[in-house]
>>> print(open('query_12.txt').read())   # compact mmCIF, C-alpha atoms and all ligand atoms
# COMPACT_ATOMS: atom_id res chain seq x y z
CA MET A 165 3.38 -59.95 24.97
CA LYS A 166 2.45 -57.72 27.87
CA GLN A 167 -0.78 -57.95 29.80
CA TYR A 168 -2.60 -55.10 31.46
CA GLU A 169 -5.02 -55.93 34.24
CA MET A 170 -7.83 -53.43 33.91
CA ASP A 171 -10.91 -53.59 36.03
CA SER A 172 -12.59 -56.86 35.20
CA ARG A 173 -11.03 -57.34 31.79
CA VAL A 174 -7.57 -58.12 30.51
CA ILE A 175 -6.12 -56.30 27.54
CA ILE A 176 -3.41 -57.94 25.52
CA ASP A 177 -0.93 -55.43 24.20
CA PRO A 178 0.81 -56.75 21.09
CA GLY A 179 3.81 -54.66 22.13
CA PRO A 180 6.07 -52.79 19.75
CA ALA A 181 6.05 -54.08 16.19
CA ILE A 182 9.61 -55.34 16.22
CA ASP A 183 9.37 -57.00 12.82
CA GLY A 184 7.38 -54.06 11.42
CA LYS A 185 4.77 -56.49 10.12
CA THR A 186 2.79 -57.12 13.29
CA CYS A 187 0.00 -54.64 13.95
CA PRO A 188 0.66 -52.69 17.17
CA ILE A 189 -3.07 -52.25 17.71
CA CYS A 190 -4.67 -55.64 17.05
CA GLY A 191 -1.68 -57.99 16.70
CA GLN A 192 -2.56 -59.13 13.17
CA VAL A 193 0.58 -60.31 11.36
CA ASP A 194 1.54 -59.68 7.74
CA ALA A 195 0.76 -55.95 7.51
CA ALA A 196 0.98 -54.40 4.06
CA ASP A 197 3.54 -51.81 2.95
CA TRP A 198 1.31 -48.86 2.29
CA LEU A 199 3.05 -45.61 1.48
CA GLN A 200 6.44 -43.90 1.56
CA SER A 201 6.90 -40.21 2.12
CA ARG A 202 9.09 -37.52 3.71
CA ASP A 203 8.92 -34.69 6.20
CA ARG A 204 7.67 -32.23 3.60
CA LEU A 205 6.94 -29.57 6.19
CA HIS A 206 10.66 -29.16 6.87
CA GLY A 207 11.76 -30.18 3.36
CA ARG A 208 13.85 -33.09 4.65
CA ARG A 209 14.97 -35.90 2.37
CA ARG A 210 14.71 -38.97 4.57
CA GLU A 211 12.00 -41.39 3.46
CA TYR A 212 9.64 -42.94 5.97
CA GLU A 213 7.53 -46.02 5.44
CA LEU A 214 3.95 -46.46 6.55
CA ARG A 215 2.27 -49.83 7.00
CA ARG A 216 -1.42 -50.63 7.05
CA CYS A 217 -3.08 -53.39 9.00
CA ARG A 218 -5.36 -55.59 6.91
CA ALA A 219 -7.53 -56.38 9.93
CA CYS A 220 -8.10 -53.21 12.01
CA ASN A 221 -7.14 -50.65 9.33
CA ILE A 222 -4.60 -48.73 11.45
CA VAL A 223 -1.69 -47.10 9.58
CA TRP A 224 1.59 -46.69 11.41
CA LEU A 225 5.12 -45.43 10.92
CA ALA A 226 7.19 -48.58 10.50
CA GLN A 227 10.49 -47.32 11.93
CA PRO A 228 9.76 -44.24 14.01
CA PRO A 229 12.55 -42.15 15.49
CA ALA A 230 13.40 -43.21 19.03
CA PRO A 231 11.77 -41.04 21.70
CA ASP A 232 15.09 -39.35 22.51
CA GLU A 233 15.59 -38.47 18.81
CA MET A 234 12.12 -37.06 18.37
CA GLN A 235 13.06 -33.61 19.63
CA GLU A 236 14.89 -32.79 16.39
CA HIS A 237 11.62 -33.25 14.47
CA TYR A 238 9.77 -30.72 16.61
CA THR A 239 11.51 -27.56 15.46
CA ALA A 240 10.95 -24.02 16.69
CA ALA A 241 9.33 -23.32 13.29
CA TYR A 242 6.93 -26.21 13.86
CA HIS A 243 5.93 -24.97 17.32
CA LYS A 244 5.38 -21.50 15.92
CA LEU A 245 3.10 -22.87 13.19
CA ILE A 246 0.87 -24.84 15.55
CA SER A 247 0.82 -22.41 18.46
CA GLY A 248 -0.96 -19.80 16.36
CA ALA A 249 -3.95 -22.09 15.81
CA GLY A 250 -4.90 -22.78 19.45
CA ASP A 251 -5.38 -19.28 20.68
CA ASP A 252 -8.55 -18.45 18.81
CA PRO A 253 -11.16 -19.17 21.52
CA SER A 254 -13.90 -19.82 18.95
CA ARG A 255 -11.92 -22.86 17.86
CA TRP A 256 -13.15 -24.70 20.95
CA ASN A 257 -16.83 -23.70 20.89
CA ARG A 258 -18.17 -26.75 19.11
CA ARG A 259 -15.96 -29.17 21.02
CA ARG A 260 -17.02 -27.68 24.32
CA ALA A 261 -20.69 -27.95 23.31
CA ASP A 262 -20.22 -31.59 22.26
CA LEU A 263 -18.54 -32.50 25.52
CA LEU A 264 -21.28 -30.78 27.53
CA ARG A 265 -23.91 -32.89 25.78
CA PHE A 266 -22.53 -35.90 27.63
CA LYS A 267 -20.93 -34.46 30.78
CA GLN A 268 -21.80 -31.17 32.43
CA SER A 269 -19.51 -31.01 35.44
CA GLY A 270 -16.79 -32.75 37.42
CA SER A 271 -13.08 -33.25 36.95
CA LEU A 272 -11.60 -32.80 33.49
CA LEU A 273 -8.16 -33.91 32.27
CA ASP A 274 -6.75 -32.61 28.95
CA LEU A 275 -3.94 -34.76 27.52
CA GLY A 276 -1.23 -32.72 25.81
CA CYS A 277 -2.91 -29.53 26.98
CA SER A 278 -0.21 -27.25 25.53
CA SER A 279 -0.68 -23.70 26.84
CA GLY A 280 -4.15 -24.58 28.14
CA SER A 281 -6.36 -22.87 25.59
CA PHE A 282 -9.01 -25.61 25.65
CA LEU A 283 -8.93 -25.92 29.45
CA ALA A 284 -9.25 -22.15 29.73
CA SER A 285 -12.40 -22.34 27.59
CA MET A 286 -13.86 -24.81 30.15
CA ARG A 287 -13.03 -22.72 33.19
CA SER A 288 -16.09 -22.41 35.45
CA ASP A 289 -17.37 -23.44 38.86
CA SER A 290 -18.61 -26.69 37.33
CA TRP A 291 -15.20 -28.14 36.51
CA SER A 292 -11.93 -28.98 38.25
CA LEU A 293 -9.26 -28.71 35.56
CA TYR A 294 -6.20 -30.91 35.04
CA GLY A 295 -3.69 -31.29 32.24
CA VAL A 296 -0.65 -33.28 31.16
CA GLU A 297 1.97 -31.46 29.13
CA MET A 298 5.54 -32.34 28.09
CA SER A 299 6.80 -28.76 27.95
CA ALA A 300 7.38 -27.13 31.35
CA ASN A 301 6.97 -23.67 29.83
CA GLU A 302 3.63 -24.47 28.23
CA ALA A 303 2.46 -26.19 31.41
CA ALA A 304 3.28 -23.10 33.49
CA THR A 305 1.29 -20.93 31.07
CA ALA A 306 -1.61 -23.39 31.21
CA GLU A 307 -1.60 -23.46 34.99
CA ALA A 308 -1.67 -19.67 35.19
CA ARG A 309 -4.51 -19.41 32.67
CA THR A 310 -6.73 -22.14 34.01
CA ALA A 311 -6.04 -22.20 37.76
CA GLY A 312 -5.86 -25.95 37.19
CA LYS A 313 -3.27 -28.58 38.05
CA ILE A 314 -0.92 -29.34 35.15
CA VAL A 315 1.44 -32.32 35.37
CA VAL A 316 4.68 -31.92 33.40
CA GLY A 317 5.70 -35.14 31.64
CA THR A 318 4.38 -37.92 29.44
CA VAL A 319 0.86 -39.30 29.54
CA LEU A 320 2.03 -42.76 30.57
CA ASP A 321 4.03 -41.37 33.50
CA ALA A 322 1.26 -39.14 34.87
CA PRO A 323 0.50 -40.29 38.43
CA PHE A 324 -3.29 -39.97 38.64
CA PRO A 325 -5.16 -42.64 40.63
CA ALA A 326 -7.81 -44.90 39.12
CA GLU A 327 -11.24 -43.41 38.44
CA SER A 328 -10.12 -39.81 38.91
CA PHE A 329 -11.92 -38.09 36.04
CA ASP A 330 -15.41 -37.49 34.70
CA ALA A 331 -14.02 -36.41 31.35
CA ILE A 332 -10.71 -36.75 29.52
CA THR A 333 -9.96 -34.85 26.31
CA CYS A 334 -7.20 -35.30 23.73
CA PHE A 335 -7.11 -33.00 20.71
CA ASP A 336 -4.48 -33.38 17.98
CA VAL A 337 -2.29 -35.40 20.34
CA LEU A 338 -3.02 -39.16 20.17
CA GLU A 339 -1.44 -39.47 16.70
CA HIS A 340 1.86 -38.22 18.18
CA LEU A 341 2.02 -40.84 20.93
CA TYR A 342 3.89 -44.12 21.00
CA GLU A 343 2.00 -47.14 22.37
CA PRO A 344 -1.62 -46.16 21.77
CA ARG A 345 -2.92 -49.31 23.46
CA ARG A 346 -1.23 -48.39 26.71
CA ILE A 347 -2.47 -44.80 26.35
CA MET A 348 -6.05 -45.97 25.84
CA ALA A 349 -5.75 -48.37 28.77
CA LYS A 350 -4.60 -45.44 30.94
CA VAL A 351 -7.52 -43.31 29.80
CA SER A 352 -9.93 -46.09 30.72
CA TYR A 353 -8.20 -46.61 34.07
CA TRP A 354 -8.38 -42.90 34.92
CA LEU A 355 -12.05 -42.46 33.95
CA LYS A 356 -14.79 -42.89 36.49
CA PRO A 357 -17.46 -45.41 35.44
CA GLY A 358 -19.66 -43.56 33.00
CA GLY A 359 -16.91 -41.00 32.35
CA VAL A 360 -16.28 -39.83 28.80
CA PHE A 361 -13.20 -39.56 26.56
CA TYR A 362 -13.31 -36.99 23.76
CA VAL A 363 -10.54 -37.53 21.20
CA GLN A 364 -9.84 -35.79 17.91
CA VAL A 365 -7.32 -37.12 15.36
CA PRO A 366 -6.70 -36.70 11.62
CA ASN A 367 -8.62 -39.13 9.40
CA ILE A 368 -6.34 -41.22 7.20
CA ASP A 369 -9.41 -42.36 5.23
CA SER A 370 -10.53 -38.79 4.49
CA ALA A 371 -11.17 -37.53 1.00
CA GLU A 372 -8.16 -35.22 1.23
CA ALA A 373 -5.83 -37.96 2.42
CA ARG A 374 -6.90 -40.13 -0.49
CA VAL A 375 -6.64 -37.38 -3.09
CA PHE A 376 -3.23 -36.09 -1.95
CA GLY A 377 -1.59 -39.41 -0.97
CA THR A 378 2.04 -38.81 0.03
CA TYR A 379 1.40 -35.04 -0.17
CA TRP A 380 -1.36 -35.00 2.44
CA HIS A 381 -0.34 -32.54 5.13
CA GLY A 382 -1.94 -34.73 7.81
CA LEU A 383 0.82 -37.34 7.45
CA GLU A 384 3.15 -35.00 9.39
CA LEU A 385 6.06 -37.43 9.13
CA PRO A 386 7.66 -38.45 11.39
CA ARG A 387 5.75 -36.58 14.12
CA HIS A 388 2.54 -38.56 13.54
CA LEU A 389 3.26 -42.14 14.55
CA PHE A 390 -0.25 -43.54 14.06
CA HIS A 391 -2.87 -42.65 11.48
CA TYR A 392 -6.42 -43.44 12.48
CA SER A 393 -9.65 -44.06 10.62
CA PRO A 394 -13.01 -44.04 12.40
CA ALA A 395 -12.91 -47.86 12.36
CA SER A 396 -9.42 -48.26 13.81
CA LEU A 397 -9.99 -45.59 16.47
CA ASN A 398 -13.22 -47.28 17.51
CA PHE A 399 -11.50 -50.67 17.65
CA LEU A 400 -8.74 -49.27 19.85
CA ALA A 401 -11.21 -47.62 22.24
CA GLU A 402 -13.46 -50.65 22.48
CA SER A 403 -10.50 -52.88 23.26
CA ALA A 404 -9.99 -50.71 26.38
CA GLY A 405 -13.61 -50.97 27.48
CA LEU A 406 -14.83 -47.69 25.96
CA ARG A 407 -18.04 -47.47 23.94
CA PRO A 408 -18.76 -44.83 21.27
CA LEU A 409 -21.33 -42.12 21.98
CA LEU A 410 -20.30 -39.99 19.01
CA LEU A 411 -18.04 -41.00 16.12
CA GLU A 412 -17.99 -38.74 13.10
CA THR A 413 -15.73 -36.96 10.68
CA ARG A 414 -15.67 -33.22 10.09
CA ARG A 415 -14.11 -30.88 7.63
CA ASN A 416 -10.83 -29.34 8.77
CA PRO A 417 -9.59 -27.97 5.49
CA ALA A 418 -5.90 -27.21 5.42
CA VAL A 419 -5.75 -28.25 1.80
CA GLY A 420 -3.48 -25.30 1.06
CA VAL A 421 -0.59 -26.99 2.86
CA SER A 422 -0.99 -30.22 0.85
CA LEU A 423 -1.03 -28.17 -2.34
CA ARG A 424 2.15 -26.38 -1.36
CA TYR A 425 3.82 -29.77 -0.98
CA VAL A 426 2.71 -30.71 -4.49
CA TRP A 427 4.08 -27.47 -5.90
CA ASP A 428 7.36 -27.88 -3.99
CA ASP A 429 7.87 -31.16 -5.88
CA VAL A 430 6.78 -29.68 -9.21
CA PHE A 431 9.33 -26.89 -8.85
CA GLY A 432 11.90 -29.33 -7.46
CA ALA A 433 11.59 -31.47 -10.60
CA VAL A 434 12.82 -28.54 -12.69
CA GLY A 435 15.61 -27.70 -10.28
CA ILE A 436 13.95 -24.91 -8.30
CA ARG A 437 14.20 -25.50 -4.58
CA ARG A 438 11.61 -23.59 -2.62
CA THR A 439 11.71 -22.70 1.06
CA PRO A 440 10.06 -25.53 3.03
CA VAL A 441 6.61 -24.70 4.38
CA ALA A 442 7.76 -24.59 8.00
CA TYR A 443 10.15 -21.73 7.25
CA ARG A 444 8.00 -19.77 4.84
CA ALA A 445 6.38 -16.53 5.80
CA ASP A 446 2.69 -17.24 5.31
CA GLY A 447 0.45 -15.34 3.00
CA GLY A 448 1.31 -13.05 0.16
CA ILE A 449 -1.58 -11.91 -1.90
CA THR A 450 -0.83 -14.30 -4.76
CA TRP A 451 -0.88 -17.29 -2.49
CA ARG A 452 -4.03 -16.19 -0.72
CA ALA A 453 -5.75 -15.72 -4.07
CA ALA A 454 -4.60 -19.16 -5.22
CA ARG A 455 -5.93 -20.72 -2.03
CA LYS A 456 -9.27 -19.10 -2.55
CA VAL A 457 -9.48 -20.56 -6.04
CA VAL A 458 -8.65 -23.98 -4.58
CA ARG A 459 -11.37 -23.64 -1.98
CA MET A 460 -13.89 -22.77 -4.68
CA THR A 461 -12.92 -25.64 -7.00
CA ILE A 462 -11.01 -28.62 -5.62
CA LEU A 463 -12.41 -28.33 -2.13
CA ARG A 464 -15.93 -28.04 -3.37
CA GLY A 465 -15.37 -31.24 -5.34
CA LEU A 466 -13.93 -32.94 -2.28
CA LEU A 467 -16.92 -31.94 -0.23
CA VAL A 468 -19.23 -33.58 -2.72
CA MET A 469 -17.07 -36.69 -2.80
CA ALA A 470 -16.43 -36.88 0.92
CA PRO A 471 -19.35 -39.13 1.86
CA LEU A 472 -18.31 -41.56 -0.88
CA VAL A 473 -14.61 -41.80 -0.14
CA GLY A 474 -14.18 -41.50 3.59
CA GLY A 475 -15.43 -38.21 4.92
CA GLY A 476 -13.84 -35.17 6.49
CA GLU A 477 -10.26 -35.01 7.56
CA ALA A 478 -10.79 -34.79 11.31
CA ILE A 479 -12.28 -37.61 13.39
CA HIS A 480 -14.26 -36.44 16.42
CA ALA A 481 -15.11 -39.24 18.82
CA ILE A 482 -16.58 -39.36 22.30
CA PHE A 483 -16.43 -42.68 24.13
CA ARG A 484 -17.91 -43.67 27.47
CA LYS A 485 -16.39 -46.04 29.98
CA ASP A 486 -18.80 -48.85 30.72
CA ILE A 487 -20.52 -48.71 34.06
CA VAL A 488 -21.32 -52.39 34.06
CA ASN A 489 -17.79 -53.65 33.53
CA SER A 490 -16.09 -51.27 35.91
CA GLY A 491 -16.72 -53.47 38.92
CA VAL A 492 -18.31 -50.52 40.73
CA ALA A 493 -21.86 -51.02 39.57
CA SER A 494 -23.60 -53.87 37.83
ZN ZN A 501 -4.49 -54.17 13.26
>>> encode(input="query_12.txt", output="structure tokens")
Amino acid sequence: MKQYEMDSRVIIDPGPAIDGKTCPICGQVDAADWLQSRDRLHGRRREYELRRCRACNIVWLAQPPAPDEMQEHYTAAYHKLISGAGDDPSRWNRRRADLLRFKQSGSLLDLGCSSGSFLASMRSDSWSLYGVEMSANEAATAEARTAGKIVVGTVLDAPFPAESFDAITCFDVLEHLYEPRRIMAKVSYWLKPGGVFYVQVPNIDSAEARVFGTYWHGLELPRHLFHYSPASLNFLAESAGLRPLLLETRRNPAVGVSLRYVWDDVFGAVGIRRTPVAYRADGGITWRAARKVVRMTILRGLLVMAPLVGGGEAIHAIFRKDIVNSGVAS
């Protein structure tokens, strides 16, 4: 058991789940086997096992690849797929507006900032921009685009002093990180009292995740190490002294990818091996037409069901660091 001294409170980190049955978030023992699936994006055969905590509801990859093996799961095809999404500036409009509701100026740190598309959307005289990014190439691009300071490396190794930031953001990144308790403790440590943390992760309790099960594209095995629900994300944040200002789920329909995984297995069962999604040229008029039909039928059904079975597939949450417990004000 490790202890982290943080401001006036002490956080107990359960440490890595060595036996695979101890929850890495809340320390509850006797976690349930929950689901087995594969890296369907790359069409790989290895099975991975997910566990679910009975207490805090977190789902995690029981035996994740070691950090130095992870590189082989982030292929060039994968990077190409995700890099296309970030460069549409309108993608950030709503997130920027939500952040500005709670913080209008100051210093902003984006965790896993990639090529800096979100930071670039925040560029103005009101903000000093910072990022952390593993890839030196992406970091250089981000620095050029944002005129900010981008640290190359992991979140846990980033050398920022305590209470450096008015706002920290983390979009589509937290689910990729080992040791979420230490990450959240760092976020809390880096925030000024009253500073805000805006995080977005896939929702393991979403309607789509429930409908598609092992075929849900949001599993992203083994790149996603932790799978959050609104409850487990809130628990994690509160355990680091952060309080929710906004906690909601939104639609982020990529249902087409989940459906492709289903069809890959249907064809596979009759001996037809299809090109894995990561390596497939997107589109084709037949596929686009099929997707439209899906949007009009299945998706519409999901939208109706969503409030009953867990909501949209993206969790958007903004947390604030307590002023009272920071030791600065009381
Ligand atoms: Zn737990």
>>> residues_near_ligand(input="query_12.txt", ligand="ligand ZN 501 (chain A)", cutoff="6 Å", atoms="only C-alpha atoms and all ligand atoms", output="ChimeraX atom specification")
/A:187,189-192,217,219-222
>>> residues_around(input="query_12.txt", residues="His391 of chain A", least_positions_apart="2", cutoff="9 Å", atoms="only C-alpha atoms", output="PDB file with C-alpha atoms, in the frame of the given file")
ATOM      1  CA  ILE A 222      -4.600 -48.730  11.450  1.00  0.00           C
ATOM      2  CA  VAL A 223      -1.690 -47.100   9.580  1.00  0.00           C
ATOM      3  CA  TRP A 224       1.590 -46.690  11.410  1.00  0.00           C
ATOM      4  CA  LEU A 225       5.120 -45.430  10.920  1.00  0.00           C
ATOM      5  CA  GLU A 339      -1.440 -39.470  16.700  1.00  0.00           C
ATOM      6  CA  VAL A 365      -7.320 -37.120  15.360  1.00  0.00           C
ATOM      7  CA  PRO A 366      -6.700 -36.700  11.620  1.00  0.00           C
ATOM      8  CA  ASN A 367      -8.620 -39.130   9.400  1.00  0.00           C
ATOM      9  CA  ILE A 368      -6.340 -41.220   7.200  1.00  0.00           C
ATOM     10  CA  GLY A 382      -1.940 -34.730   7.810  1.00  0.00           C
ATOM     11  CA  LEU A 383       0.820 -37.340   7.450  1.00  0.00           C
ATOM     12  CA  HIS A 388       2.540 -38.560  13.540  1.00  0.00           C
ATOM     13  CA  LEU A 389       3.260 -42.140  14.550  1.00  0.00           C
ATOM     14  CA  SER A 393      -9.650 -44.060  10.620  1.00  0.00           C
ATOM     15  CA  SER A 396      -9.420 -48.260  13.810  1.00  0.00           C
TER      16      SER A 396
END
>>> atom_distance(input="query_12.txt", atom1="atom CA of Val430 of chain A", atom2="atom CA of Glu213 of chain A")
22.0 Å
>>> atom_distance(input="query_12.txt", atom1="atom CA of Gly359 of chain A", atom2="atom CA of Pro188 of chain A")
26.0 Å
>>> closest_residue(input="query_12.txt", among="A:Met234, A:Ala261, A:Leu423, A:Ile479", to="Ala395 of chain A", atoms="all atoms listed in the file")
A:Ile479
>>> closest_residue(input="query_12.txt", among="A:Ser299, A:Asn398, A:Gln200, A:Thr310", to="Leu283 of chain A", atoms="all atoms listed in the file")
A:Thr310
>>> atom_distance(input="query_12.txt", atom1="atom CA of Leu293 of chain A", atom2="atom CA of Glu384 of chain A")
29.6 Å
>>> axis_aligned_box(input="query_12.txt", around="segment 194-209 of chain A", padding_each_side="8 Å", output="lines of an AutoDock Vina configuration file")
center_x = 7.9
center_y = -44.4
center_z = 4.6
size_x = 30.2
size_y = 46.5
size_z = 22.3
>>> closest_residue(input="query_12.txt", among="A:Asp330, A:Asp486, A:Glu477, A:Asp429", to="Glu402 of chain A", atoms="only C-alpha atoms")
A:Asp486
>>> closest_residue(input="query_12.txt", among="A:Thr439, A:Ser281, A:Ser292, A:Asn301", to="Gln268 of chain A", atoms="all atoms listed in the file")
A:Ser292
>>> closest_residue(input="query_12.txt", among="A:Leu400, A:Ala322, A:Leu385, A:Val375", to="Pro344 of chain A", atoms="all atoms listed in the file")
A:Leu400
